[in-house]
Structures are given as C-alpha cells and as structure tokens.
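*Asks:* I am attaching a structure below and will ask some questions about it afterwards.
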2 protein chains.
Amino acid sequence: LIMDGLIFRQLFEKESCTYTYLLADEATKEGVLIDPVLETADRDVKLIKELGLDIKFALNTHCHADHITGTAALKRQLPGLQSCISKDSGAKADVQMEHGHMIKFGAFKLQARATPGHTDGCMSFVLGKCDGCMSFVLGEARMCFTGDALLIRGCGRTDFQQGDSARLYTAVHSQIFTLPDSCLVYPAHNYQGIPCSTVGEEKTHNPRLTKPLAEFIEIMASLGLPKPKQIDTALPANLVDGEDVPPAIPAA
Amino acid sequence: LIMDGLIFRQLFEKESCTYTYLLADEATKEGVLIDPVLETADRDVKLIKELGLDIKFALNTHCHADHITGTAALKRQLPGLQSCISKDSGAKADVQMEHGHMIKFGAFKLQARATPGHTDGCMSFVLGKCDGCMSFVLGEARMCFTGDALLIRGCGRTDFQQGDSARLYTAVHSQIFTLPDSCLVYPAHNYQGIPCSTVGEEKTHNPRLTKPLAEFIEIMASLGLPKPKQIDTALPANLVDGEDVPPAIPAA
Ligand SMILES: [Fe+2]
Ligand SMILES: [Fe+2]
C-alpha cells in the first residue's frame with residue numbers, strides 16, 4: 001500500500017542478510033521478484049501461490065558474490081518466469097537489460113538504471129506507474145531498489161568484481177541522488193536490521209557518499225574487508241543464472 | 001508512505017527475530033516505537049536522532065519472554081519518552097493501558113486492543129488518523145501491530161505465562177479478523193524472513209486460526225516447544241520495564 005494497488009513484501013534471507021523484493025499489481029496479480037536467493041526460493045514460491053500471483057520476471061540487480069541467485073530454482077517451479085540481469089554483468093539470463101529498460105507488471109513498471117562501480121553490471125530499479133506513455137516522471141518516484149550500489153549509510157565494496165569507486169560515486173550521484181528526497185531506498189542488503197532509507201536521508205547521512213569524490217575513493221580503498229565466504233561458489237553459479245548448482249553437502 | 005505523512009520503519013533484531021516498529025508523523029516529527037529490544041536500543045536512538053524525531057512513547061505489546069525490552073535504555077537516552085504496556089500484563093511502565101486506550105502522535109493514533117491468550121496482557125495496536133473526534137473508523141485501518149497474538153501463518157504459544165488458547169482464538173477472531181481484509185498485519189516476530197501479512201491472508205491461510213476452536217486448542221496443546229532461551233532473565237527484567245538489567249557477562 002505504499003502505492004495504491006501495489007502488493008509489496010520485503011523478504012529477508014538471514015545468512016547473507018539479503019532482501020528479496022516481491023512486487024505485484026493487486027488487480028492483475030502480475031508481479032516481479034528482485035534478487036531472489038536460492039535458499040529461500042521455496043518460501044517465495046509458497047507465498048506467491050498463496051497470494052495467487054503470476055510472477056513474470058525475476059530480476060537480479062547484479063551478479064552477486066555473497067549468495068546464489070534463486071532464479072533457476074524459481075523457474076523450475078513457476079513456468080513462464082523470465083530471469084533478467086544487465087547485459088553488462090556478463091551473466092546468463094532470459095532478458096539482458098540495458099540502461100533505460102522497462103519491466104512492466106500490471107499497472108506498474110520498473111525503470112532499470114545502470115549504476116555500475118560495485119560491479120560493471122549493477123542496476124537500480126525505480127518504480128513507477130504505467131500511464132499510457134512510456135515516459136518516467138521523476139516526481140512520481142516513491143521506491144528505488146538499489147542493489148549493492150547504495151546501501152543504508154553505506155555502499156557496495158569496490159575491491160573486486162570490476163570494482164571502481166569513482167564510477168560508483170558518479171552513478172549514485174547521477175542516477176539515485178537525483179530522485180526525490182522522499183523516494184524510499186531499498187537495498188539488496190542490510191546487516192543492522194534497518195529495512196530501508198530515503199534518498200534525502202542518504203544525501204544527508206551517508207558517511208561515504210556525502211564526501212567529495214577524492215575522499216570517497218580514499219575511504220573505499222582503505223576498507224580492508226575480508227573475502228565473501230560464498231564467492232567461489234556464488235560467482236560461477238550466478239554467471240549461469242543459478243543453474244547447475246550441485247546439491248549442498250551437509251556439514252559433518 | 002503506507003499512509004500519507006507517515007514515516008515507517010520495520011526494524012529487526014536478529015537473535016530473537018523481533019521486529020521493532022518506528023512510526024512517526026512526517027510533519028510534527030512526533031512518533032512511537034513498538035517493541036524495542038535492549039540489544040538494538042543504540043541503533044534505534046541513532047536513527048531517531050538522524051531523522052530528527054521526537055519519540056513520545058515506547059509501547060510493548062506484552063511482557064516478552066524471549067528478549068529484554070529496550071524501554072529503559074531508550075528512556076535514558078531520549079528524555080520525555082514514556083513506556084507503555086497493558087495494565088493486565090502486571091508489568092511496570094509509565095502508562096498502563098486498558099482496552100481502547102489511544103496513543104496519539106501528530107496526526108496519527110494507535111488504538112490499543114486487548115488480545116490476550118498468549119499472555120494475559122497482550123495488546124494489538126491499530127493505526128488510524130486523528131480526525132478531530134476520537135472515534136475509530138474501521139474502514140480506515142491499514143496497519144495492525146499484533147505482537148505475539150497473531151503471527152504470520154501462526155500465533156504465539158500458549159503453554160506458559162498465563163497461556164490460554166481458547167482466549168487467544170476468541171481475541172484474534174473478534175479483535176483482528178474483524179479488521180478490513182486489506183489491513184496489513186505486522187507481528188512481533190517472524191522466523192522465515194517474511195515481514196508482514198494481511199488480515200485477509202491470515203483469515204485464509206493461517207494453518208491454526210482458520211480451524212474450528214476445538215481443533216485450534218488441540219493444535220496448541222500438542223506443539224511441544226522448547227523453553228525460550230532468555231526467559232529466566234527476560235521475564236523478571238521486563239516486569240520492571242527493562243530497568244536494573246545487569247551488564248551482560250561475555251561468553252568465555
Ligand atoms: Fe554484491
Ligand atoms: Fe511473547
């Protein structure tokens with residue numbers, strides 16, 4: 001009910017602290033998933049069936065390094081579902097999106113915006129209403145799904161996977177910080193239990209992206225983060241749309 | 001933006017899987033917290049200060065057995081904050097609420113409804129708008145905070161703390177299932193990463209509360225749940241509003 005007629009659920013996967021977003025049109029029941037996770041694909045399918053939804057697209061904001069996408073598992077259970085990822089990600093998917101691509105479901109649409117820098121192929125999705133024409137009126141924008149480009153009081157790391165902090169800075173400032181201050185920001189992850197933010201909040205309180213570019217680059221270069229636990233299995237799997245994932249070997 | 005002019009954040013505490021709800025009036029900045037948790041009190045204060053909010057009340061839906069309330073910690077950092085809990089809980093608080101009590105913040109109000117059965121003092125809170133008069137028009141109800149009375153596809157256990165499954169069944173059916181089907185249900189906990197539901201969804205898909213009373217009582221009597229890990233420290237602390245909690249002893 002953030003927008004009239006919109007069904008919205010911000011689902012959470014605890015191990016990787018990933019948010020999976022379910023959006024659907026209450027009237028037509030058409031919908032999309034953003035960043036589904038392999039481990040929670042069955043939960044998602046159950047909810048989708050209970051709500052009687054027809055999920056058309058499963059979008060990945062980028063080729064994730066910290067979890068395996070749920071797209072392949074969802075496609076096996078939801079016939080007709082198409083996976084989507086940016087062309088620049090280099091990953092396999094049914095739909096390879098470019099900057100400006102529109103994903104429609106019922107009376108709603110998501111506008112894909114290239115926001116590279118964490119990876120080459122990162123995209124953010126801005127929700128709008130279909131109004132006959134395909135133009136996107138910025139004043140309408142109430143929700144933006146930012147993947148790992150803009151996190152709450154943070155941003156995605158830029159030290160692997162084609163990371164480029166100058167590029168990330170420019171992308172966030174030109175593609176996200178130009179949205180209305182009231183636009184809600186929904187990231188791919190949060191580790192503190194905070195579900196969302198707004199463009200205005202991040203323009204004021206983000207400790208990295210409020211800094212001048214040079215200082216931002218310095219901050220990003222000195223983070224010294226550990227390698228993500230799942231990267232060696234997640235990256236190859238996500239490059240082929242989550243297909244052919246060997247069954248998990250239970251811990252001894 | 002679920003309701004115009006409402007700031008809303010569904011915060012999460014990972015250990016006990018508890019949701020803490022922040023609600024505030026965008027115009028007056030007055031707000032409330034529902035079910036704050038001791039471990040995340042500092043996070044909550046930081047966010048409240050960044051958003052420039054004036055939090056008037058910290059409400060507990062009931063005397064929790066699985067975590068220590070954050071009310072005392074919040075009161076130390078947010079002068080003027082008043083803690084609220086139902087009179088029937090037997091717990092200490094600045095405001096002891098009875099069925100029908102109204103909590104106002106800016107142009108909004110929460111109507112407290114007695115929904116006992118998990119404990120004697122369980123309350124649910126229905127969000128509405130102040131419209132001059134104090135009457136509550138049900139058709140308006142868009143959000144209900146149900147504590148442990150109604151959980152998503154479940155309900156609070158009834159095997160300790162004055163638990164009474166017949167009483168819980170009656171309370172949910174008379175106080176929550178009479179709200180509009182579209183009313184969003186926000187529980188105190190979810191363990192599957194699903195943040196909310198609707199009254200209509202639970203009236204259709206709740207595997208316990210859709211059953212006849214006798215069957216419900218049987219289901220609740222045969223759950224065989226383990227004792228909550230924190231109950232021996234949480235209950236005494238919550239009975240005194242989270243005050244005098246000894247500092248945590250770090251695990252060896
Ligand atoms: Fe990532
Ligand atoms: Fe409880």
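As shown in the structure tokens, the chain order sets the letters A, B, ...; within each chain, residues go from 1, and ligands are also counted from 1 in the order they appear.
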Kindly provide, as a CSV table (one decimal) with N, CA and C atoms, in the first residue's frame, all nucleotide and amino acid residues lying within 6 Å of ligand 2, counting only C-alpha atoms and all ligand atoms.
*Replies:*
chain,number,residue,atom,x,y,z
B,64,HIS,N,7.4,-9.6,27.2
B,64,HIS,CA,8.1,-10.6,26.4
B,64,HIS,C,8.9,-11.6,27.2
B,65,ALA,N,9.0,-12.9,26.7
B,65,ALA,CA,9.8,-13.9,27.4
B,65,ALA,C,11.1,-14.2,26.6
B,148,ASP,N,2.5,-11.0,19.7
B,148,ASP,CA,2.6,-12.4,19.5
B,148,ASP,C,1.2,-13.0,19.5
*Asks:* As a list in words, please: every residue in range 56-194 of chain B that a backbone DSSP assignment puts in alpha helix (DSSP H).
*Replies:*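 Written out, the alpha helix (DSSP H) residues of range 56-194 of chain B are Thr71, Ala72, Ala73, Leu74, Lys75, Arg76, Gln77, Ser165, Ala166, Arg167, Leu168, Tyr169, Thr170 and Ala171 of chain B.
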*Asks:* For Val199 in chain A, work out the shell of residues within 9 Å, counting only C-alpha atoms and skipping chain neighbours fewer than 6 positions away, then give it as a count of residues only.
*Replies:* 11
*Asks:* Contacts of range 89-102 of chain A at 10 Å or less, counting only C-alpha atoms, minus same-chain residues fewer than 5 places along, as a ChimeraX atom specification?
*Replies:* /A:57-64,71-72,81-84,108-116,119-128,134,136,161,235-243
*Asks:* Using only C-alpha atoms, select each residue of chain B with any atom at most 8 Å away from an atom of chain A, and give the selection as JSON, numbers by chain.
*Replies:* {"B": [1, 2, 3, 9, 10, 11, 12, 13, 14, 43, 50, 51, 192, 193, 194, 195, 196, 201, 205]}
*Asks:* Can you list, as a count of residues only, every residue of range 72-103 of chain B that DSSP puts in strand (DSSP E or B)?
*Replies:* 10
*Asks:* Between CA of Cys155 in chain A and CA of His118 in chain A, what is the spacing in Å?
*Replies:*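 Pair CA of His118 in chain A / CA of Cys155 in chain A returns 8.2 Å.
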*Asks:* Can you tell me how far CA of Phe160 in chain B sits from CA of Asn206 in chain B, in Å to one decimal?
*Replies:*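 Separation of CA of Phe160 in chain B and CA of Asn206 in chain B: 22.0 Å.
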*Asks:* Between CA of Leu53 in chain A and CA of Ile34 in chain A, measure the distance and give it in Å to one decimal.
*Replies:*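 Atom-to-atom, CA of Leu53 in chain A to CA of Ile34 in chain A, that is 14.8 Å.
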*Asks:* Which residues, written as a list in words, have at least one atom at most 12 Å from Leu225 in chain B, with only C-alpha atoms counted and residues fewer than 5 positions away on the same chain left out?
*Replies:*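 So, after excluding close chain neighbours, the residues are Gly156, Arg157, Thr158, Asp159, Phe160, Ile219 and Met220 of chain B.
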*Asks:* May I have the residues within 8 Å of His67 in chain A as a list in words, using only C-alpha atoms and disregarding those fewer than 6 positions away in the same chain?
*Replies:* Ser16, Val37, Leu38, Gln230, Ile231 and Ala234 of chain A
*Asks:* Would you write out those residues with all heavy atoms, as a PDB file, in the first residue's frame?
*Replies:*
ATOM      1  N   SER A  16      22.908 -14.467   4.400  1.00  0.00           N
ATOM      2  CA  SER A  16      23.616 -13.447   3.616  1.00  0.00           C
ATOM      3  C   SER A  16      23.022 -12.057   3.840  1.00  0.00           C
ATOM      4  O   SER A  16      23.461 -11.089   3.225  1.00  0.00           O
ATOM      5  CB  SER A  16      23.566 -13.803   2.123  1.00  0.00           C
ATOM      6  OG  SER A  16      22.220 -13.874   1.671  1.00  0.00           O
ATOM      7  N   VAL A  37      16.877 -15.472  -3.606  1.00  0.00           N
ATOM      8  CA  VAL A  37      18.024 -16.235  -3.088  1.00  0.00           C
ATOM      9  C   VAL A  37      17.674 -17.724  -3.151  1.00  0.00           C
ATOM     10  O   VAL A  37      16.541 -18.121  -2.849  1.00  0.00           O
ATOM     11  CB  VAL A  37      18.323 -15.813  -1.629  1.00  0.00           C
ATOM     12  CG1 VAL A  37      19.457 -16.640  -1.027  1.00  0.00           C
ATOM     13  CG2 VAL A  37      18.655 -14.322  -1.570  1.00  0.00           C
ATOM     14  N   LEU A  38      18.666 -18.538  -3.541  1.00  0.00           N
ATOM     15  CA  LEU A  38      18.443 -19.976  -3.690  1.00  0.00           C
ATOM     16  C   LEU A  38      17.813 -20.596  -2.435  1.00  0.00           C
ATOM     17  O   LEU A  38      16.825 -21.328  -2.517  1.00  0.00           O
ATOM     18  CB  LEU A  38      19.775 -20.666  -4.018  1.00  0.00           C
ATOM     19  CG  LEU A  38      19.759 -22.190  -4.137  1.00  0.00           C
ATOM     20  CD1 LEU A  38      18.830 -22.639  -5.255  1.00  0.00           C
ATOM     21  CD2 LEU A  38      21.165 -22.727  -4.375  1.00  0.00           C
ATOM     22  N   GLN A 230      31.013 -17.004   0.406  1.00  0.00           N
ATOM     23  CA  GLN A 230      30.438 -17.863  -0.648  1.00  0.00           C
ATOM     24  C   GLN A 230      30.940 -17.538  -2.050  1.00  0.00           C
ATOM     25  O   GLN A 230      30.457 -18.102  -3.021  1.00  0.00           O
ATOM     26  CB  GLN A 230      28.904 -17.727  -0.634  1.00  0.00           C
ATOM     27  CG  GLN A 230      28.213 -18.292   0.589  1.00  0.00           C
ATOM     28  CD  GLN A 230      26.700 -18.453   0.360  1.00  0.00           C
ATOM     29  OE1 GLN A 230      26.260 -18.994  -0.648  1.00  0.00           O
ATOM     30  NE2 GLN A 230      25.899 -17.971   1.291  1.00  0.00           N
ATOM     31  N   ILE A 231      31.900 -16.596  -2.180  1.00  0.00           N
ATOM     32  CA  ILE A 231      32.209 -16.062  -3.512  1.00  0.00           C
ATOM     33  C   ILE A 231      32.627 -17.139  -4.517  1.00  0.00           C
ATOM     34  O   ILE A 231      32.212 -17.102  -5.681  1.00  0.00           O
ATOM     35  CB  ILE A 231      33.273 -14.932  -3.432  1.00  0.00           C
ATOM     36  CG1 ILE A 231      33.426 -14.210  -4.787  1.00  0.00           C
ATOM     37  CG2 ILE A 231      34.613 -15.436  -2.917  1.00  0.00           C
ATOM     38  CD1 ILE A 231      34.238 -12.926  -4.716  1.00  0.00           C
ATOM     39  N   ALA A 234      29.390 -18.873  -5.415  1.00  0.00           N
ATOM     40  CA  ALA A 234      28.301 -17.996  -5.860  1.00  0.00           C
ATOM     41  C   ALA A 234      28.572 -17.394  -7.232  1.00  0.00           C
ATOM     42  O   ALA A 234      27.700 -17.393  -8.107  1.00  0.00           O
ATOM     43  CB  ALA A 234      28.063 -16.885  -4.830  1.00  0.00           C
TER      44      ALA A 234
END
*Asks:* Determine, counting only C-alpha atoms, which protein, DNA and RNA residues have an atom within 8 Å of an atom of Glu26 in chain A; residues of the same chain fewer than 6 positions away are not included. Present the result as a PyMOL selection string.
*Replies:* chain A and resi 5-7
*Asks:* Dump all heavy atoms for the selected residues as a PDB file, in the first residue's frame?
*Replies:*
ATOM      1  N   GLY A   5      -2.783  -0.012  -4.858  1.00  0.00           N
ATOM      2  CA  GLY A   5      -2.877  -1.153  -5.759  1.00  0.00           C
ATOM      3  C   GLY A   5      -1.624  -1.979  -5.846  1.00  0.00           C
ATOM      4  O   GLY A   5      -1.560  -2.940  -6.612  1.00  0.00           O
ATOM      5  N   LEU A   6      -0.599  -1.636  -5.053  1.00  0.00           N
ATOM      6  CA  LEU A   6       0.666  -2.380  -5.090  1.00  0.00           C
ATOM      7  C   LEU A   6       0.747  -3.358  -3.922  1.00  0.00           C
ATOM      8  O   LEU A   6       0.593  -2.974  -2.768  1.00  0.00           O
ATOM      9  CB  LEU A   6       1.846  -1.408  -5.007  1.00  0.00           C
ATOM     10  CG  LEU A   6       3.247  -2.051  -4.986  1.00  0.00           C
ATOM     11  CD1 LEU A   6       3.622  -2.581  -6.371  1.00  0.00           C
ATOM     12  CD2 LEU A   6       4.306  -1.053  -4.512  1.00  0.00           C
ATOM     13  N   ILE A   7       0.980  -4.624  -4.226  1.00  0.00           N
ATOM     14  CA  ILE A   7       1.348  -5.597  -3.197  1.00  0.00           C
ATOM     15  C   ILE A   7       2.863  -5.547  -3.065  1.00  0.00           C
ATOM     16  O   ILE A   7       3.579  -5.605  -4.071  1.00  0.00           O
ATOM     17  CB  ILE A   7       0.889  -7.018  -3.597  1.00  0.00           C
ATOM     18  CG1 ILE A   7      -0.644  -7.091  -3.609  1.00  0.00           C
ATOM     19  CG2 ILE A   7       1.481  -8.063  -2.660  1.00  0.00           C
ATOM     20  CD1 ILE A   7      -1.180  -8.397  -4.169  1.00  0.00           C
TER      21      ILE A   7
END
